[in-house]
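Shown below: data.csv, with CSV, C-alpha atoms.
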```
chain,number,residue,atom,x,y,z
A,1,MET,CA,-16.7,72.9,15.1
A,2,GLN,CA,-13.1,71.9,14.9
A,3,SER,CA,-13.6,69.6,17.8
A,4,LYS,CA,-16.5,67.8,16.1
A,5,LEU,CA,-14.4,67.6,12.9
A,6,GLY,CA,-11.5,66.2,14.8
A,7,ARG,CA,-13.7,63.5,16.5
A,8,SER,CA,-15.3,62.7,13.1
A,9,HIS,CA,-11.8,62.3,11.5
A,10,GLY,CA,-10.7,60.1,14.4
A,11,CYS,CA,-13.8,57.9,14.0
A,12,GLY,CA,-13.1,57.6,10.3
A,13,LYS,CA,-9.5,56.5,10.9
A,14,ALA,CA,-10.7,54.0,13.6
A,15,GLY,CA,-13.4,52.7,11.2
A,16,ALA,CA,-10.8,52.2,8.5
A,17,VAL,CA,-8.5,50.4,10.8
A,18,ILE,CA,-11.3,48.1,12.0
A,19,ALA,CA,-12.4,47.4,8.4
A,20,VAL,CA,-8.9,46.4,7.4
A,21,ALA,CA,-8.6,44.3,10.5
A,22,MET,CA,-11.9,42.5,9.7
A,23,ALA,CA,-10.8,42.0,6.1
A,24,VAL,CA,-7.6,40.4,7.3
A,25,LEU,CA,-9.4,38.3,9.9
A,26,LEU,CA,-11.9,37.1,7.3
A,27,THR,CA,-9.1,36.2,4.9
A,28,LEU,CA,-7.3,34.2,7.6
A,29,LEU,CA,-10.5,32.4,8.5
A,30,ALA,CA,-11.1,31.6,4.8
A,31,VAL,CA,-7.6,30.2,4.5
A,32,ALA,CA,-8.0,28.3,7.8
A,33,ALA,CA,-11.2,26.7,6.5
A,34,SER,CA,-9.7,25.7,3.2
A,35,VAL,CA,-6.9,23.3,4.1
A,36,ALA,CA,-6.3,19.9,2.6
A,37,ILE,CA,-6.9,17.0,5.0
A,38,TYR,CA,-4.8,13.8,4.9
A,39,PRO,CA,-6.5,11.0,6.9
A,40,GLU,CA,-4.8,9.1,9.7
A,41,ALA,CA,-5.9,6.3,12.0
A,42,SER,CA,-4.9,8.0,15.2
A,43,GLY,CA,-6.2,5.2,17.4
A,44,THR,CA,-7.8,7.5,20.0
A,45,VAL,CA,-11.3,6.3,19.1
A,46,ARG,CA,-11.1,2.8,17.9
A,47,TYR,CA,-13.6,-0.1,17.9
A,48,GLU,CA,-12.9,-3.8,17.1
A,49,SER,CA,-15.3,-6.7,16.5
A,50,GLY,CA,-15.1,-9.9,14.5
A,51,GLY,CA,-11.8,-9.0,13.0
A,52,ALA,CA,-13.0,-5.6,11.7
A,53,VAL,CA,-11.4,-2.4,13.0
A,54,LEU,CA,-13.1,1.0,12.9
A,55,ASP,CA,-11.0,4.1,13.7
A,56,ALA,CA,-13.2,7.1,14.3
A,57,SER,CA,-10.5,9.3,15.9
A,58,ASN,CA,-11.0,12.0,13.3
A,59,ALA,CA,-14.7,11.9,12.6
A,60,ASN,CA,-14.8,15.6,13.4
A,61,GLN,CA,-12.7,16.1,10.2
A,62,GLY,CA,-15.3,14.3,8.1
A,63,TYR,CA,-14.1,10.7,7.8
A,64,VAL,CA,-13.7,7.3,9.4
A,65,MET,CA,-11.3,4.5,8.6
A,66,VAL,CA,-12.0,0.8,8.4
A,67,ARG,CA,-9.8,-2.3,7.9
A,68,MET,CA,-10.2,-6.0,8.0
A,69,SER,CA,-8.3,-9.1,6.7
A,70,SER,CA,-10.5,-11.5,4.9
A,71,SER,CA,-10.5,-13.6,1.7
A,72,LYS,CA,-14.3,-13.0,1.6
A,73,LYS,CA,-16.1,-10.0,0.2
A,74,LEU,CA,-16.6,-7.2,2.6
A,75,LYS,CA,-19.0,-4.2,2.8
A,76,VAL,CA,-19.1,-1.0,4.8
A,77,ARG,CA,-22.5,0.7,5.3
A,78,ILE,CA,-22.6,4.2,6.7
A,79,THR,CA,-25.9,5.7,7.6
A,80,GLY,CA,-26.4,9.4,8.5
A,81,ASP,CA,-29.1,11.5,6.8
A,82,ASN,CA,-28.4,9.2,3.8
A,83,GLN,CA,-27.2,5.7,3.5
A,84,TYR,CA,-24.0,4.7,1.6
A,85,THR,CA,-22.7,1.2,1.0
A,86,TYR,CA,-19.1,0.6,0.0
A,87,ASP,CA,-16.8,-2.3,-0.8
A,88,LEU,CA,-13.9,-2.8,1.7
A,89,ASP,CA,-10.7,-4.5,0.5
A,90,GLY,CA,-9.8,-7.5,2.7
A,91,ASP,CA,-6.1,-6.7,2.7
A,92,GLY,CA,-6.0,-5.5,6.3
A,93,GLU,CA,-5.1,-1.9,5.2
A,94,TYR,CA,-7.3,1.0,6.2
A,95,ASP,CA,-9.8,2.4,3.7
A,96,VAL,CA,-11.2,5.9,4.2
A,97,TYR,CA,-14.9,6.7,4.1
A,98,PRO,CA,-16.5,10.2,4.1
A,99,LEU,CA,-19.1,11.4,6.6
A,100,GLN,CA,-20.7,13.6,3.9
A,101,ASP,CA,-23.9,14.5,5.8
A,102,GLY,CA,-22.1,16.9,8.1
A,103,SER,CA,-22.3,17.1,11.9
A,104,ARG,CA,-24.5,14.3,13.4
A,105,ASP,CA,-24.5,10.7,14.5
A,106,TYR,CA,-23.5,8.0,12.0
A,107,THR,CA,-24.0,4.3,12.2
A,108,VAL,CA,-21.1,2.4,10.7
A,109,VAL,CA,-21.6,-1.3,10.0
A,110,VAL,CA,-19.1,-3.8,8.5
A,111,TYR,CA,-20.4,-6.9,6.8
A,112,GLN,CA,-18.6,-10.1,5.6
A,113,GLN,CA,-19.9,-12.3,2.9
A,114,VAL,CA,-21.3,-15.7,3.9
A,115,GLN,CA,-22.0,-16.9,0.4
A,116,GLY,CA,-23.4,-15.3,-2.8
A,117,ASN,CA,-25.3,-12.1,-1.9
A,118,SER,CA,-25.6,-13.2,1.7
A,119,TYR,CA,-23.6,-11.2,4.3
A,120,SER,CA,-23.3,-11.3,8.1
A,121,GLN,CA,-22.7,-8.3,10.3
A,122,VAL,CA,-19.3,-8.3,12.1
A,123,LEU,CA,-19.2,-4.8,13.5
A,124,SER,CA,-21.7,-2.0,14.2
A,125,ARG,CA,-21.0,1.3,16.0
A,126,THR,CA,-22.6,4.7,16.3
A,127,VAL,CA,-20.1,7.6,15.8
A,128,ARG,CA,-20.7,11.2,16.6
A,129,ALA,CA,-19.1,13.8,14.3
A,130,GLU,CA,-19.0,17.5,15.3
A,131,MET,CA,-17.4,19.3,12.4
A,132,SER,CA,-16.2,22.9,12.6
A,133,ASP,CA,-16.1,22.9,8.8
A,134,GLU,CA,-19.1,21.2,7.2
A,135,ASN,CA,-17.1,20.9,4.0
A,136,ALA,CA,-14.4,18.9,5.7
A,137,PRO,CA,-15.5,15.6,4.1
A,138,PHE,CA,-14.8,17.1,0.7
A,139,LEU,CA,-11.2,18.2,1.6
A,140,SER,CA,-9.6,14.7,2.0
A,141,PRO,CA,-9.0,11.6,0.0
A,142,ASN,CA,-11.3,8.6,0.3
A,143,ARG,CA,-11.8,5.2,-1.2
A,144,TYR,CA,-13.1,6.7,-4.5
A,145,SER,CA,-10.4,9.4,-4.9
A,146,TRP,CA,-7.3,8.1,-3.1
A,147,TYR,CA,-4.0,9.9,-2.9
A,148,THR,CA,-1.4,10.8,-0.4
A,149,GLN,CA,0.8,13.9,0.2
A,150,ASP,CA,3.5,12.2,-2.0
A,151,SER,CA,1.2,11.2,-4.8
A,152,ALA,CA,1.9,12.4,-8.4
A,153,VAL,CA,-1.6,13.9,-8.6
A,154,VAL,CA,-0.9,16.1,-5.6
A,155,GLN,CA,2.4,17.3,-7.1
A,156,LEU,CA,0.5,17.9,-10.4
A,157,GLY,CA,-2.1,20.0,-8.6
A,158,ALA,CA,0.6,22.1,-7.0
A,159,GLU,CA,2.2,22.7,-10.5
A,160,ILE,CA,-1.1,23.5,-12.2
A,161,CYS,CA,-2.0,26.0,-9.5
A,162,ALA,CA,1.4,27.6,-8.9
A,163,GLY,CA,1.2,31.4,-8.9
A,164,LEU,CA,-2.6,31.4,-8.8
A,165,THR,CA,-4.3,33.2,-5.9
A,166,SER,CA,-8.1,32.7,-6.2
A,167,ASP,CA,-10.0,29.5,-5.9
A,168,GLN,CA,-11.8,30.3,-9.2
A,169,GLU,CA,-8.5,30.6,-11.0
A,170,LYS,CA,-7.3,27.3,-9.6
A,171,VAL,CA,-10.5,25.5,-10.4
A,172,GLN,CA,-10.5,26.7,-14.0
A,173,ALA,CA,-6.8,25.8,-14.4
A,174,VAL,CA,-7.5,22.2,-13.1
A,175,TYR,CA,-10.6,21.9,-15.3
A,176,ASN,CA,-8.6,23.1,-18.4
A,177,TYR,CA,-5.8,20.6,-17.7
A,178,ILE,CA,-8.2,17.6,-17.5
A,179,THR,CA,-10.2,18.6,-20.5
A,180,SER,CA,-7.1,19.4,-22.6
A,181,ASN,CA,-5.0,16.3,-21.6
A,182,MET,CA,-7.3,13.4,-21.0
A,183,ILE,CA,-8.9,11.0,-23.5
A,184,TYR,CA,-12.2,9.2,-22.8
A,185,ASP,CA,-11.8,5.4,-22.6
A,186,TYR,CA,-14.9,4.2,-24.6
A,187,MET,CA,-13.9,0.5,-24.3
A,188,ALA,CA,-13.6,0.7,-20.5
A,189,ALA,CA,-17.0,2.6,-20.3
A,190,MET,CA,-18.7,-0.2,-22.4
A,191,MET,CA,-17.2,-2.9,-20.1
A,192,VAL,CA,-18.5,-1.1,-17.0
A,193,ALA,CA,-21.9,-0.5,-18.5
A,194,ALA,CA,-22.2,-4.2,-19.6
A,195,GLY,CA,-21.3,-5.3,-16.0
A,196,GLN,CA,-18.0,-6.9,-17.2
A,197,GLN,CA,-16.1,-4.8,-14.6
A,198,THR,CA,-17.7,-4.5,-11.2
A,199,GLY,CA,-16.5,-2.8,-8.1
A,200,TYR,CA,-14.4,-0.4,-10.2
A,201,VAL,CA,-12.4,2.2,-8.2
A,202,PRO,CA,-10.2,4.8,-10.0
A,203,ASP,CA,-6.4,4.4,-9.8
A,204,LEU,CA,-5.2,8.0,-10.2
A,205,ASP,CA,-1.6,7.0,-10.8
A,206,GLU,CA,-2.7,4.9,-13.7
A,207,VAL,CA,-5.0,7.5,-15.1
A,208,LEU,CA,-2.2,10.1,-15.0
A,209,GLU,CA,0.2,7.7,-16.7
A,210,THR,CA,-2.2,6.6,-19.5
A,211,LYS,CA,-4.0,10.0,-19.8
A,212,MET,CA,-7.2,7.9,-20.3
A,213,GLY,CA,-10.3,7.2,-18.2
A,214,ILE,CA,-14.0,7.2,-17.8
A,215,CYS,CA,-16.2,9.8,-16.1
A,216,PHE,CA,-15.5,8.2,-12.7
A,217,ASP,CA,-11.8,8.6,-13.3
A,218,PHE,CA,-12.1,12.3,-14.4
A,219,ALA,CA,-14.3,13.2,-11.4
A,220,ALA,CA,-11.9,11.4,-9.0
A,221,MET,CA,-8.9,13.2,-10.5
A,222,MET,CA,-10.6,16.6,-10.2
A,223,CYS,CA,-11.4,15.8,-6.6
A,224,ALA,CA,-7.7,15.0,-5.9
A,225,LEU,CA,-6.3,18.0,-7.7
A,226,LEU,CA,-8.6,20.5,-6.0
A,227,ARG,CA,-8.9,18.9,-2.5
A,228,SER,CA,-5.1,18.8,-2.3
A,229,GLN,CA,-5.2,22.6,-2.9
A,230,GLY,CA,-7.7,23.1,-0.1
A,231,ILE,CA,-10.7,23.6,-2.3
A,232,PRO,CA,-13.8,21.6,-1.2
A,233,THR,CA,-14.8,19.3,-4.1
A,234,GLN,CA,-17.6,16.7,-4.3
A,235,MET,CA,-17.7,13.7,-6.5
A,236,VAL,CA,-21.3,13.3,-7.6
A,237,MET,CA,-22.9,10.1,-9.0
A,238,GLY,CA,-26.2,10.2,-10.7
A,239,TYR,CA,-27.8,10.6,-14.1
A,240,ALA,CA,-26.8,12.9,-16.9
A,241,ASP,CA,-30.0,12.8,-18.9
A,242,ALA,CA,-30.6,9.0,-19.1
A,243,MET,CA,-26.9,8.0,-18.7
A,244,TYR,CA,-25.4,7.0,-15.3
A,245,HIS,CA,-22.6,9.4,-14.8
A,246,ALA,CA,-20.0,11.0,-12.5
A,247,TRP,CA,-19.1,14.7,-12.2
A,248,ASN,CA,-18.0,17.3,-9.6
A,249,ASN,CA,-19.5,20.1,-7.5
A,250,VAL,CA,-16.8,22.6,-6.4
A,251,TYR,CA,-17.3,25.1,-3.6
A,252,ILE,CA,-16.4,28.6,-4.9
A,253,ASP,CA,-17.2,31.9,-3.1
A,254,GLY,CA,-19.8,30.3,-0.8
A,255,GLU,CA,-21.7,28.2,-3.3
A,256,TRP,CA,-21.4,24.8,-5.1
A,257,VAL,CA,-20.8,25.0,-8.8
A,258,ARG,CA,-21.1,22.0,-11.2
A,259,TYR,CA,-18.1,21.0,-13.3
A,260,ASP,CA,-18.4,18.1,-15.8
A,261,ALA,CA,-15.0,17.4,-17.4
A,262,THR,CA,-16.3,14.3,-19.2
A,263,SER,CA,-18.9,16.2,-21.1
A,264,ALA,CA,-16.3,18.6,-22.4
A,265,VAL,CA,-13.8,15.8,-23.3
A,266,THR,CA,-16.6,13.9,-25.2
A,267,PHE,CA,-18.3,17.0,-26.6
A,268,THR,CA,-21.6,15.9,-25.0
A,269,ASN,CA,-24.4,18.4,-24.4
A,270,ILE,CA,-26.2,17.3,-21.2
A,271,GLN,CA,-29.6,18.8,-20.6
A,272,GLN,CA,-30.4,17.6,-17.1
A,273,TYR,CA,-28.4,16.3,-14.1
A,274,THR,CA,-30.0,14.2,-11.4
A,275,GLU,CA,-27.8,13.7,-8.3
A,276,GLU,CA,-28.1,10.3,-6.5
A,277,ALA,CA,-25.0,10.2,-4.3
A,278,VAL,CA,-22.2,12.5,-3.2
A,279,TYR,CA,-18.7,11.4,-2.1
```
Can the structure in the file be given as structure tokens, please?
Amino acid sequence: MQSKLGRSHGCGKAGAVIAVAMAVLLTLLAVAASVAIYPEASGTVRYESGGAVLDASNANQGYVMVRMSSSKKLKVRITGDNQYTYDLDGDGEYDVYPLQDGSRDYTVVVYQQVQGNSYSQVLSRTVRAEMSDENAPFLSPNRYSWYTQDSAVVQLGAEICAGLTSDQEKVQAVYNYITSNMIYDYMAAMMVAAGQQTGYVPDLDEVLETKMGICFDFAAMMCALLRSQGIPTQMVMGYADAMYHAWNNVYIDGEWVRYDATSAVTFTNIQQYTEEAVY
């Protein structure tokens, strides 16, 4: 009987040790899977055509980079499960574009304006992305939410989340900061809605300085603040009831949770959200 009890006691201790080890391993894996990504054009996988350059060196991290020098309008179209068309600045500097459909083949096409709404193709390549973390596209800056490690918004994120341990705490702190400190820019919203300002892209430095913005700005800021903290965050474009709108989905404890800072700032009660695109 003593022998059996001894063996049972030993198995209990071993089980406890294994349980602790597994908990530590799962924690380490969770941390490893939640690291902010800062894009770079490594040059190991690079394609050139017609003056356009595509760097797909880090497609496995959920993004590609494109650049071209041109005085004409430029477009980048990326097709995976879904198709997304973006503007490309013709300043010769790299823009970052997400591969938000996860691991698969993507076709990347760069177009240059001929005249009016007529464009010609200057580059087309198929890129394979094999992501160890399917949320990787939502952990890095891109054209619509641009920042660097030295950006003020990254420093602000670190300040807001200092001392907080869980993702839920960090998300709530960031959401509270935006909803308590930002003012909705109704004039800018009317100009965008009236088509007086096209191709608008948030400037997060300006938004932080003025403490004003529209839904696009608030969603882009929440992306930057949380992604820089290693929390996967989506910028979602679509309809809030009948109004075209931008908001966020944030990955917390294994599921995506909607956060709409703009509705809180403007005291708007939205009944239905319809997603059209995710960045």
(request) Select, from A:Ile37, A:Ser71, A:Val76, A:Met187, the residue with the minimum atom-to-atom distance to Asp133 (chain A), counting only C-alpha atoms. (result)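 Once distances to Asp133 (chain A) are computed over only C-alpha atoms, the minimum belongs to A:Ile37.
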(request) Give as a PyMOL selection string each residue that has an atom at most 6 Å from (-5.7, 14.1, -14.5) in the file, counting all atoms listed in the file. (result) chain A and resi 178+208+221
(request) Mind listing whatever residues come within 9 Å of the point (-10.8, 14.8, 4.0)? Use only C-alpha atoms, file coordinates, and give them as a ChimeraX atom specification. (result) /A:36-39,61-63,96,98,135-142,227
Atoms kept (C-alpha atoms) for selection, written as a compact mmCIF listing (two decimals), in the coordinates of the input:
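Saved result, result_6.txt, follows:
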```
# COMPACT_ATOMS: atom_id res chain seq x y z
CA ALA A 36 -6.30 19.90 2.60
CA ILE A 37 -6.90 17.00 5.00
CA TYR A 38 -4.80 13.80 4.90
CA PRO A 39 -6.50 11.00 6.90
CA GLN A 61 -12.70 16.10 10.20
CA GLY A 62 -15.30 14.30 8.10
CA TYR A 63 -14.10 10.70 7.80
CA VAL A 96 -11.20 5.90 4.20
CA PRO A 98 -16.50 10.20 4.10
CA ASN A 135 -17.10 20.90 4.00
CA ALA A 136 -14.40 18.90 5.70
CA PRO A 137 -15.50 15.60 4.10
CA PHE A 138 -14.80 17.10 0.70
CA LEU A 139 -11.20 18.20 1.60
CA SER A 140 -9.60 14.70 2.00
CA PRO A 141 -9.00 11.60 0.00
CA ASN A 142 -11.30 8.60 0.30
CA ARG A 227 -8.90 18.90 -2.50
```
(request) State, in Å with one decimal place, the distance from CA of Glu206 (chain A) to CA of Leu156 (chain A). (result)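 Computed distance, CA of Glu206 (chain A) to CA of Leu156 (chain A), equals 13.8 Å.
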(message) To one decimal place in Å, what is the distance between CA of Ala240 (chain A) and CA of Ala188 (chain A)?
(response) 18.3 Å
(request) Could you please determine the separation between CA of Asp95 (chain A) and CA of Glu275 (chain A) in Å, to one decimal place? (result)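 Atom-to-atom, CA of Asp95 (chain A) and CA of Glu275 (chain A) are spaced 24.4 Å apart.
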(message) From the options A:Phe218, A:Tyr84, A:Tyr251, A:Tyr273, which residue's atoms come nearest to Thr179 (chain A), counting all atoms listed in the file?
(response) A:Phe218
